[in-house]
There are 4 protein chains.
Amino acid sequence: MSAPKKVVLAYSGGLDTSIILKWLQVEYGCEVATFTADLGQGEELDPARKKAEMLGIKPENIFIEDLREEFVRDFVFPMFRANAQYEGLYLLGTSIARPLISKRLVEIAAETGADAVSHGATGKGNDQVRFELSAYALNPEIKVIAPWREWDLGSRTKLLEFAEAHQIPIAKDKRGEAPFSVDANLLHTSSEGKVLEDPAEEAPDYVYQRTVHPEDAPDTPEYIEIEFERGDAVAINGERMSPATILTELNEYGRKHGVGRLDLVEGRFVGMKSRGIYETPGGTILLDAHRGIESITLDRMQIHLKDELMPRYAEMIYNGFWYSPEREMLQAAIDKSQEHVTGTVRMKLYKGLARVVARWSDHSLYSEEQVTFEEDMGAYDQSDAQGFIQLQGLRLRLLARRDKRFN
Amino acid sequence: MSAPKKVVLAYSGGLDTSIILKWLQVEYGCEVATFTADLGQGEELDPARKKAEMLGIKPENIFIEDLREEFVRDFVFPMFRANAQYEGLYLLGTSIARPLISKRLVEIAAETGADAVSHGATGKGNDQVRFELSAYALNPEIKVIAPWREWDLGSRTKLLEFAEAHQIPIAKDKRGEAPFSVDANLLHTSSEGKVLEDPAEEAPDYVYQRTVHPEDAPDTPEYIEIEFERGDAVAINGERMSPATILTELNEYGRKHGVGRLDLVEGRFVGMKSRGIYETPGGTILLDAHRGIESITLDRMQIHLKDELMPRYAEMIYNGFWYSPEREMLQAAIDKSQEHVTGTVRMKLYKGLARVVARWSDHSLYSEEQVTFEEDMGAYDQSDAQGFIQLQGLRLRLLARRDKRFN
Amino acid sequence: MSAPKKVVLAYSGGLDTSIILKWLQVEYGCEVATFTADLGQGEELDPARKKAEMLGIKPENIFIEDLREEFVRDFVFPMFRANAQYEGLYLLGTSIARPLISKRLVEIAAETGADAVSHGATGKGNDQVRFELSAYALNPEIKVIAPWREWDLGSRTKLLEFAEAHQIPIAKDKRGEAPFSVDANLLHTSSEGKVLEDPAEEAPDYVYQRTVHPEDAPDTPEYIEIEFERGDAVAINGERMSPATILTELNEYGRKHGVGRLDLVEGRFVGMKSRGIYETPGGTILLDAHRGIESITLDRMQIHLKDELMPRYAEMIYNGFWYSPEREMLQAAIDKSQEHVTGTVRMKLYKGLARVVARWSDHSLYSEEQVTFEEDMGAYDQSDAQGFIQLQGLRLRLLARRDKRFN
Amino acid sequence: MSAPKKVVLAYSGGLDTSIILKWLQVEYGCEVATFTADLGQGEELDPARKKAEMLGIKPENIFIEDLREEFVRDFVFPMFRANAQYEGLYLLGTSIARPLISKRLVEIAAETGADAVSHGATGKGNDQVRFELSAYALNPEIKVIAPWREWDLGSRTKLLEFAEAHQIPIAKDKRGEAPFSVDANLLHTSSEGKVLEDPAEEAPDYVYQRTVHPEDAPDTPEYIEIEFERGDAVAINGERMSPATILTELNEYGRKHGVGRLDLVEGRFVGMKSRGIYETPGGTILLDAHRGIESITLDRMQIHLKDELMPRYAEMIYNGFWYSPEREMLQAAIDKSQEHVTGTVRMKLYKGLARVVARWSDHSLYSEEQVTFEEDMGAYDQSDAQGFIQLQGLRLRLLARRDKRFN
């Protein structure tokens, strides 16, 4: 790879990416543009602009954007249509944000004449894969610079020395090492590393930052109603809201009631297992609510097919293949199924639990007439079951005649 | 089908199966044997013997058996190795009991020279299918009599008239109709019908019988440790127990903390949707614990493959195909994966929530050395990620060169 | 089911459906409309009109239609996009025709004020299921009359007696029984029953009607080029043709070279196995050609995902679930994959074999630059493979350290 | 990676691996052991011993072994139980041989105190991945040396210069470059590269080396009968043979009749597409025969499940994951299904075609009694189909009432 001439850096304004910014300037002598996105991580973006300017970035090369609506509308919601959970539990909060950041990096590179993009993900994690596969899928000629895989600043001491040598201000609380590493956006907060590295030890309480402890949550349950249209949440308690607003509201409900904590050991795409603490307050409510509305608006064979495709779909997103033709194929199938996923779910929130307790829809396939224990006035002919069972059983009887397999 | 000469009836001792017993005698003029099993439903079995005798069944034709250990060891535990959940949520508590009952019915038929078996499941539900497919798979020549599909006693009034006409005692509280229908065994209690038939109405509190209301559960969390060997739970808090004892204990922990309530609309095999309230206190803890121990002892590709196969496996059990060659195939794959699923999980129980908070195993694949944020002394070469990503991305770049699909 | 007032019958003009026509009139005293479709079965349709008139059907109730283009365009081609083969081999020639016939039956019923449809499929086969599920999916209130499951004309003798009693003319060659049963349309001819019922006996030569014996095919191979656009064949040897014309042409090529014979024992949806002889001359060529063009225009993960979904998709069509939401979901995924399946394949036809020998496309993902054994001028960096393999192998090494599983 | 002390080289005796042998000695100054296996590639192994000795390998470090029986029994046959075909067509002849070679390399390393293994696969292909993943799965501490990814002998000229400089004899016909590259073993011969690199050009006739041209095959068809036991072929025409002997015999039948040629563009694991010419004469016959015997001895749901799992299983083998826990899981499922796959298939061979024409088995599930067009004496009750269809259709009717989706 030839040296880059201009690089667009995913820039948080924090110490690490500031060091990367400077390192890119020093190492490659190239121009740097910075991209800072509001994905709902809950941090001010203005300081990132000032810091970038201080580090010598020209104003026209500083990009600060609020992507929350795009994030929820075009990434989170499509993923929730699939009820995606990686390894049965993880709601993919980090994984789903990376493709959007890469997309903007590549677009800004095109706008500003840059030939490279750069990110602050390490060489051991999944995020490097997600950033880079997304970038290559969007621009096959783009260069990607991953400083953590290149430089020799592998220890905290060396990083701080580099920062000092290059006049990068170091906040007092950044001198020492954080006891764990955090990633946050509108969907979730994840924590990993350091004090969390022994999966046989319960995570300390202070790790949880996004939700109250269930023990501290209100002693009274709270009910909310979530309305869906074609698979996406559109209103809470009757009030229509934009996608990002809905997720923000659900986050607040979840936070208050201690909903959405997960302590997980998962298998990374790069080969080893890691342990993470995830807090996905709104997403956890949303997943259950979505399953709830699907339960009355989808046919059972749609549900079963979705359930079978889901683990693969989740794996694709986890592994960084959002921008892949196979993810698009599954998305087409999933979206096709959502045409009638319209209706309302009532959830009960209480001390960490979010449970569906009622659901209704104009598109419901539930037929009280069919299922009733009462007289159904001929809606269902019980004698049909006789033939149904006989033919379902025919092959089992042929098998049994042959080989008495279960005796 | 020619008339049966002798029938083995799945007999609970209750009013409905007593009416069936008499109806079989009256309708077919045939000898009846009764089979009453303790599957952990929490009812005395002795009254069933007395009632059968009173209805004229010969002592040698009365079979009363405690099947709890067999139920958990040979049915529940193999199913939990798969983390089976039907439509994402239902733990299959009713479905998994039916094959065992059918197995004993067919075996008792062989022992007593009966040519038919009979059950009390209605023509609208899944249970008829499960009973009968299991019976046919075990004995292809067996006759199955399903009185609810045959007789004209479709209303409560007619049933009571028949009972009175045939001197079947009717307990006072059975005169009126139950407000909902219940099925229970060591794994779960399910409730459905009548007051539950409108899925837009929250289930009344009195429906829940097996677990305390989370609001009434202890205000202090409780921790338990569950130990697994080759995928099956073998000890709680260091004390080894038999399979049924373990599930019984877990049920008590779950009951006390309000764990395992589910309000679900599900798709029945016979074609319509139904709404059920499930309480699976011990099973809910067990499922999470099992996933927890798998998270460190299974390779990620085993987990992903299991997750993809699981919905089909669950569907097979739900639909009544326990005794089918396709279920055996999946079981072989699942059991193969469990060879190293040995270790211990710590769970935190609190007001309806059961969460894994720690897990450890001599068979762990988690490598702190590999994953650490600290210096790893060469355990992992971050530069390998470069080549990994390049080759993973090659096909995406070839696609992007061709069709700029995401732009 | 209340008695039908007017029935639309799928009418071939042959003896069996003529008997059904009369039986409907006699049994139900109802008006009958006939629907006769040209699906490429190679029979004149005019005699069907005359015969219907002779049996008393009013002209406005006689529907005779050429559906060949719709059949290929909307049913055969979408199915071929999936490379569908049931049980690995069967190209679903009969299965795919049934939904179209049912669709027109239901539509004609709506047009003519009929409340029922009827077909001539027997109670042992798959076709009854396909006809009826399609009808119910299109009109949930339609009645379906399946005379073979209702009447007592189960033997040849009784049928002929009924025909004679009702002045239905019997062609001389229909007096005796056919040595096997045939279904034909533009996609295939299938033969089954009677002389074919012993799967241990090779099918007699005279069963094959649609293709020359490979031994009698030309001694010189012939080449053809098939051009595809978005997954569908659009031209042969450079000449653009309509869907039905293309299949007709391919049939002629296949017939001449003895391509597309299959002797198969398959598992029917109704539970037993049957043996069929299938001749699918054009379809066999088309399947291989389609795979050929996909091999250069689809990404490998699209191919693999399609291959995994295909058996399920084929099963849906075989079982009669063309008009189901789960088939639509898979179709959406499949169709999404076909956007770039555009290009040309050259096939070599010779004595029963149809082999792809060359393929090219403006949408090709094949990169000679990448794959070449020659110097590739840096298109591919072989050292990337080192990191790729290391990370792919990491989990295997962690497993090996734990359990030496393969030693 | 520290320098190896002793290396076991997969050594063919040819020029390329002789250069590698010398290069290992020169580059690493380490001891080399050679391993040459007879996998049925059809070459003399004695010259490999002489050449190794000439290049200075000590006799106790020269390993020459006939692995044909192990290859077929433990690798080819288990794979054929799955009917494995990569991307629908490729019988995995090269892929399945690599794990066995790696296994012996690793075992010989253990026996001879070597700390590394080496192979002659290039950095662009799949074989490097297969060799190395297999080695790591069997010995996580083994070093793997892949000279083609390390050295600077990338051109033919440099290789020959190196050979001359180190007194490696160069056969006259190796001076020029081969027009394509070949890999062969008992299962297949593959050819790729050079003259085959344009997939739009038909492969020249001289590329095919293992089978006669169909045009030159006998003008008279030949029949053979293949007998299976538990999924594996055990006899031909009534004569029992060892696994390798059976495959050898089938190869001869296939060769003679021009069976098993395939011209394929496939997706490599390392990311690009390549074009190969495969000749798998015996394997092609075996695959069809195995499907044939399965068609009467497996239940249809076993066949369908196998068909759905197969593409993934084939992908695992293609990608080098033979020694992986996920392949073992699928193998367990597949092997479970083969318990009754016992019986005989008759095949007709003629000018490139191998077709099943008859099959029989004591374990057959085919029931002429059930399927017959004749009177079946009550074996099957056609009226059962009514209920079967009604309940299968119920969900479709509920859907249709809701959304008229197909109108």
# chains A, B, ... in the order shown; residues from 1 in each chain; ligands from 1
call {"tool": "interface_residues", "arguments": {"of": "chain D", "to": "chain A", "cutoff": "9 Å", "atoms": "only C-alpha atoms", "output": "JSON, numbers by chain"}}
result
{"D": [298, 299, 300, 340, 362, 363, 364, 365, 366, 367, 380, 381, 382, 383, 384, 385, 386, 387, 388, 389, 390, 391, 392, 394, 395, 396, 398, 399, 401, 402, 403]}
call {"tool": "write_last_selection", "arguments": {"atoms": "N, CA and C atoms", "output": "PDB file, in the first residue's frame"}}
result
ATOM      1  N   LEU D 298     -34.227 -43.995   3.342  1.00  0.00           N
ATOM      2  CA  LEU D 298     -34.384 -42.879   4.263  1.00  0.00           C
ATOM      3  C   LEU D 298     -35.807 -42.358   4.212  1.00  0.00           C
ATOM      4  N   ASP D 299     -36.276 -41.935   5.347  1.00  0.00           N
ATOM      5  CA  ASP D 299     -37.537 -41.212   5.419  1.00  0.00           C
ATOM      6  C   ASP D 299     -37.373 -39.854   4.728  1.00  0.00           C
ATOM      7  N   ARG D 300     -38.476 -39.343   4.197  1.00  0.00           N
ATOM      8  CA  ARG D 300     -38.343 -38.102   3.441  1.00  0.00           C
ATOM      9  C   ARG D 300     -37.842 -36.940   4.296  1.00  0.00           C
ATOM     10  N   HIS D 340     -29.821 -47.346   8.254  1.00  0.00           N
ATOM     11  CA  HIS D 340     -30.565 -48.291   7.414  1.00  0.00           C
ATOM     12  C   HIS D 340     -30.283 -48.113   5.926  1.00  0.00           C
ATOM     13  N   ASP D 362     -33.699 -54.576   1.728  1.00  0.00           N
ATOM     14  CA  ASP D 362     -34.505 -55.149   2.811  1.00  0.00           C
ATOM     15  C   ASP D 362     -34.961 -54.065   3.775  1.00  0.00           C
ATOM     16  N   HIS D 363     -34.343 -52.900   3.692  1.00  0.00           N
ATOM     17  CA  HIS D 363     -34.687 -51.795   4.589  1.00  0.00           C
ATOM     18  C   HIS D 363     -35.551 -50.753   3.883  1.00  0.00           C
ATOM     19  N   SER D 364     -36.143 -51.147   2.793  1.00  0.00           N
ATOM     20  CA  SER D 364     -36.889 -50.167   1.991  1.00  0.00           C
ATOM     21  C   SER D 364     -38.114 -49.634   2.735  1.00  0.00           C
ATOM     22  N   LEU D 365     -38.351 -48.367   2.576  1.00  0.00           N
ATOM     23  CA  LEU D 365     -39.565 -47.743   3.098  1.00  0.00           C
ATOM     24  C   LEU D 365     -40.618 -47.584   2.002  1.00  0.00           C
ATOM     25  N   TYR D 366     -40.257 -47.940   0.787  1.00  0.00           N
ATOM     26  CA  TYR D 366     -41.215 -47.880  -0.308  1.00  0.00           C
ATOM     27  C   TYR D 366     -42.263 -48.967  -0.098  1.00  0.00           C
ATOM     28  N   SER D 367     -43.516 -48.576  -0.162  1.00  0.00           N
ATOM     29  CA  SER D 367     -44.577 -49.541   0.084  1.00  0.00           C
ATOM     30  C   SER D 367     -45.510 -49.573  -1.115  1.00  0.00           C
ATOM     31  N   TYR D 380     -54.456 -47.533   2.779  1.00  0.00           N
ATOM     32  CA  TYR D 380     -54.450 -46.071   2.856  1.00  0.00           C
ATOM     33  C   TYR D 380     -55.882 -45.598   2.728  1.00  0.00           C
ATOM     34  N   ASP D 381     -56.309 -44.751   3.631  1.00  0.00           N
ATOM     35  CA  ASP D 381     -57.691 -44.270   3.598  1.00  0.00           C
ATOM     36  C   ASP D 381     -57.712 -42.881   2.958  1.00  0.00           C
ATOM     37  N   GLN D 382     -58.211 -42.823   1.721  1.00  0.00           N
ATOM     38  CA  GLN D 382     -58.146 -41.566   0.986  1.00  0.00           C
ATOM     39  C   GLN D 382     -58.893 -40.434   1.685  1.00  0.00           C
ATOM     40  N   SER D 383     -59.864 -40.800   2.501  1.00  0.00           N
ATOM     41  CA  SER D 383     -60.613 -39.723   3.159  1.00  0.00           C
ATOM     42  C   SER D 383     -59.756 -38.993   4.197  1.00  0.00           C
ATOM     43  N   ASP D 384     -58.672 -39.635   4.634  1.00  0.00           N
ATOM     44  CA  ASP D 384     -57.769 -38.940   5.554  1.00  0.00           C
ATOM     45  C   ASP D 384     -57.207 -37.673   4.919  1.00  0.00           C
ATOM     46  N   ALA D 385     -57.047 -37.722   3.609  1.00  0.00           N
ATOM     47  CA  ALA D 385     -56.452 -36.570   2.931  1.00  0.00           C
ATOM     48  C   ALA D 385     -57.302 -35.315   3.115  1.00  0.00           C
ATOM     49  N   GLN D 386     -58.596 -35.505   3.247  1.00  0.00           N
ATOM     50  CA  GLN D 386     -59.501 -34.371   3.445  1.00  0.00           C
ATOM     51  C   GLN D 386     -59.097 -33.568   4.690  1.00  0.00           C
ATOM     52  N   GLY D 387     -58.977 -34.237   5.802  1.00  0.00           N
ATOM     53  CA  GLY D 387     -58.614 -33.555   7.044  1.00  0.00           C
ATOM     54  C   GLY D 387     -57.202 -33.006   6.987  1.00  0.00           C
ATOM     55  N   PHE D 388     -56.334 -33.783   6.385  1.00  0.00           N
ATOM     56  CA  PHE D 388     -54.944 -33.346   6.241  1.00  0.00           C
ATOM     57  C   PHE D 388     -54.878 -32.010   5.527  1.00  0.00           C
ATOM     58  N   ILE D 389     -55.575 -31.929   4.415  1.00  0.00           N
ATOM     59  CA  ILE D 389     -55.544 -30.692   3.624  1.00  0.00           C
ATOM     60  C   ILE D 389     -56.249 -29.561   4.363  1.00  0.00           C
ATOM     61  N   GLN D 390     -57.349 -29.873   5.000  1.00  0.00           N
ATOM     62  CA  GLN D 390     -58.076 -28.825   5.725  1.00  0.00           C
ATOM     63  C   GLN D 390     -57.189 -28.166   6.770  1.00  0.00           C
ATOM     64  N   LEU D 391     -56.484 -28.982   7.540  1.00  0.00           N
ATOM     65  CA  LEU D 391     -55.658 -28.380   8.599  1.00  0.00           C
ATOM     66  C   LEU D 391     -54.394 -27.739   8.031  1.00  0.00           C
ATOM     67  N   GLN D 392     -53.823 -28.325   6.987  1.00  0.00           N
ATOM     68  CA  GLN D 392     -52.693 -27.652   6.329  1.00  0.00           C
ATOM     69  C   GLN D 392     -53.138 -26.298   5.781  1.00  0.00           C
ATOM     70  N   LEU D 394     -55.614 -24.380   6.893  1.00  0.00           N
ATOM     71  CA  LEU D 394     -56.274 -23.448   7.817  1.00  0.00           C
ATOM     72  C   LEU D 394     -55.530 -22.121   7.924  1.00  0.00           C
ATOM     73  N   ARG D 395     -54.205 -22.218   8.103  1.00  0.00           N
ATOM     74  CA  ARG D 395     -53.443 -20.973   8.256  1.00  0.00           C
ATOM     75  C   ARG D 395     -53.470 -20.146   6.969  1.00  0.00           C
ATOM     76  N   LEU D 396     -53.517 -20.829   5.832  1.00  0.00           N
ATOM     77  CA  LEU D 396     -53.558 -20.090   4.564  1.00  0.00           C
ATOM     78  C   LEU D 396     -54.890 -19.363   4.416  1.00  0.00           C
ATOM     79  N   LEU D 398     -56.721 -18.302   6.976  1.00  0.00           N
ATOM     80  CA  LEU D 398     -56.696 -17.178   7.913  1.00  0.00           C
ATOM     81  C   LEU D 398     -55.908 -16.019   7.301  1.00  0.00           C
ATOM     82  N   LEU D 399     -54.822 -16.341   6.654  1.00  0.00           N
ATOM     83  CA  LEU D 399     -54.047 -15.304   5.963  1.00  0.00           C
ATOM     84  C   LEU D 399     -54.866 -14.656   4.859  1.00  0.00           C
ATOM     85  N   ARG D 401     -58.062 -14.464   4.523  1.00  0.00           N
ATOM     86  CA  ARG D 401     -59.131 -13.613   5.035  1.00  0.00           C
ATOM     87  C   ARG D 401     -58.591 -12.258   5.442  1.00  0.00           C
ATOM     88  N   ARG D 402     -57.364 -12.262   5.963  1.00  0.00           N
ATOM     89  CA  ARG D 402     -56.787 -11.002   6.394  1.00  0.00           C
ATOM     90  C   ARG D 402     -56.343 -10.159   5.210  1.00  0.00           C
ATOM     91  N   ASP D 403     -55.584 -10.759   4.287  1.00  0.00           N
ATOM     92  CA  ASP D 403     -54.951  -9.834   3.367  1.00  0.00           C
ATOM     93  C   ASP D 403     -54.989 -10.163   1.889  1.00  0.00           C
TER      94      ASP D 403
END
call {"tool": "residues_around", "arguments": {"residues": "B:Trp322", "least_positions_apart": "6", "cutoff": "8 Å", "atoms": "only C-alpha atoms", "output": "ChimeraX atom specification"}}
result
/B:96,99,134,316
call {"tool": "write_last_selection", "arguments": {"atoms": "N, CA and C atoms", "output": "PDB file, in the first residue's frame"}}
result
ATOM      1  N   ILE B  96     -43.045 -31.811  25.641  1.00  0.00           N
ATOM      2  CA  ILE B  96     -42.015 -32.821  25.916  1.00  0.00           C
ATOM      3  C   ILE B  96     -42.537 -33.945  26.805  1.00  0.00           C
ATOM      4  N   PRO B  99     -44.646 -37.479  24.609  1.00  0.00           N
ATOM      5  CA  PRO B  99     -44.024 -38.707  24.082  1.00  0.00           C
ATOM      6  C   PRO B  99     -43.806 -39.761  25.166  1.00  0.00           C
ATOM      7  N   SER B 134     -46.672 -40.154  18.474  1.00  0.00           N
ATOM      8  CA  SER B 134     -45.764 -40.945  19.310  1.00  0.00           C
ATOM      9  C   SER B 134     -46.206 -42.401  19.353  1.00  0.00           C
ATOM     10  N   MET B 316     -39.982 -29.589  15.872  1.00  0.00           N
ATOM     11  CA  MET B 316     -40.238 -31.033  15.838  1.00  0.00           C
ATOM     12  C   MET B 316     -40.901 -31.493  17.132  1.00  0.00           C
TER      13      MET B 316
END
call {"tool": "select_by_dssp", "arguments": {"residues": "stretch 284-383 of chain B", "states": "alpha helix (DSSP H)", "output": "ChimeraX atom specification"}}
result
/B:284-297,300-319,325-337,368-371
call {"tool": "closest_residue", "arguments": {"among": "C:Arg312, C:Arg255, C:His290, C:Arg98", "to": "C:Val234", "atoms": "only C-alpha atoms"}}
result
C:His290
call {"tool": "select_by_dssp", "arguments": {"residues": "stretch 212-302 of chain C", "states": "strand (DSSP E or B)", "output": "list in words"}}
result
Glu222, Tyr223, Ile224, Glu225, Ile226, Glu227, Phe228, Glu229, Asp232, Ala233, Val234, Ala235, Ile236, Glu239, Arg240, Arg261, Leu262, Asp263, Leu264, Val265, Glu266, Gly267, Lys273, Ser274, Arg275, Gly276, Ile277, Tyr278 and Glu279 of chain C
call {"tool": "atom_distance", "arguments": {"atom1": "atom CA of D:Pro169", "atom2": "atom CA of D:Ala114"}}
result
26.9 Å
call {"tool": "residues_around", "arguments": {"residues": "C:Ser155", "least_positions_apart": "5", "cutoff": "12 Å", "atoms": "only C-alpha atoms", "output": "JSON, numbers by chain"}}
result
{"C": [16, 148, 160, 161, 162, 177], "D": [373, 374, 375, 376]}
call {"tool": "residues_around", "arguments": {"residues": "C:Gln41", "least_positions_apart": "2", "cutoff": "9 Å", "atoms": "only C-alpha atoms", "output": "PyMOL selection string"}}
result
chain C and resi 38-39+43-44+183-189
call {"tool": "closest_residue", "arguments": {"among": "A:Gly276, A:Gly352, A:Gly320, A:Pro325", "to": "A:Glu132", "atoms": "only C-alpha atoms"}}
result
A:Gly320
call {"tool": "residues_around", "arguments": {"residues": "C:Thr372", "least_positions_apart": "2", "cutoff": "12 Å", "atoms": "only C-alpha atoms", "output": "list of chain:residue names"}}
result
C:Tyr366, C:Ser367, C:Glu368, C:Glu369, C:Gln370, C:Glu374, C:Glu375, C:Asp376, C:Met377, C:Gly378, C:Ala379, C:Tyr380, D:Thr122, D:Gly123, D:Lys124, D:Gly125, D:Phe180, D:Ser181, D:Glu192, D:Gly193, D:Lys194, D:Val195, D:Leu196, D:Glu197, D:Asp198, D:Met272, D:Lys273, D:Ser274, D:Arg275
call {"tool": "atom_distance", "arguments": {"atom1": "atom CA of B:Ala37", "atom2": "atom CA of B:Asp66"}}
result
5.8 Å
call {"tool": "residues_around", "arguments": {"residues": "A:Ile101", "least_positions_apart": "2", "cutoff": "10 Å", "atoms": "only C-alpha atoms", "output": "list in words"}}
result
Ala10, Phe35, Thr36, Ala37, Leu39, Leu67, Phe71, Ile96, Ala97, Arg98, Pro99, Lys103, Arg104, Leu105, Val106, Glu107, His119, Arg130, Phe131, Ser134 and Ala135 of chain A
call {"tool": "atom_distance", "arguments": {"atom1": "atom CA of C:Tyr223", "atom2": "atom CA of C:Val371"}}
result
27.7 Å
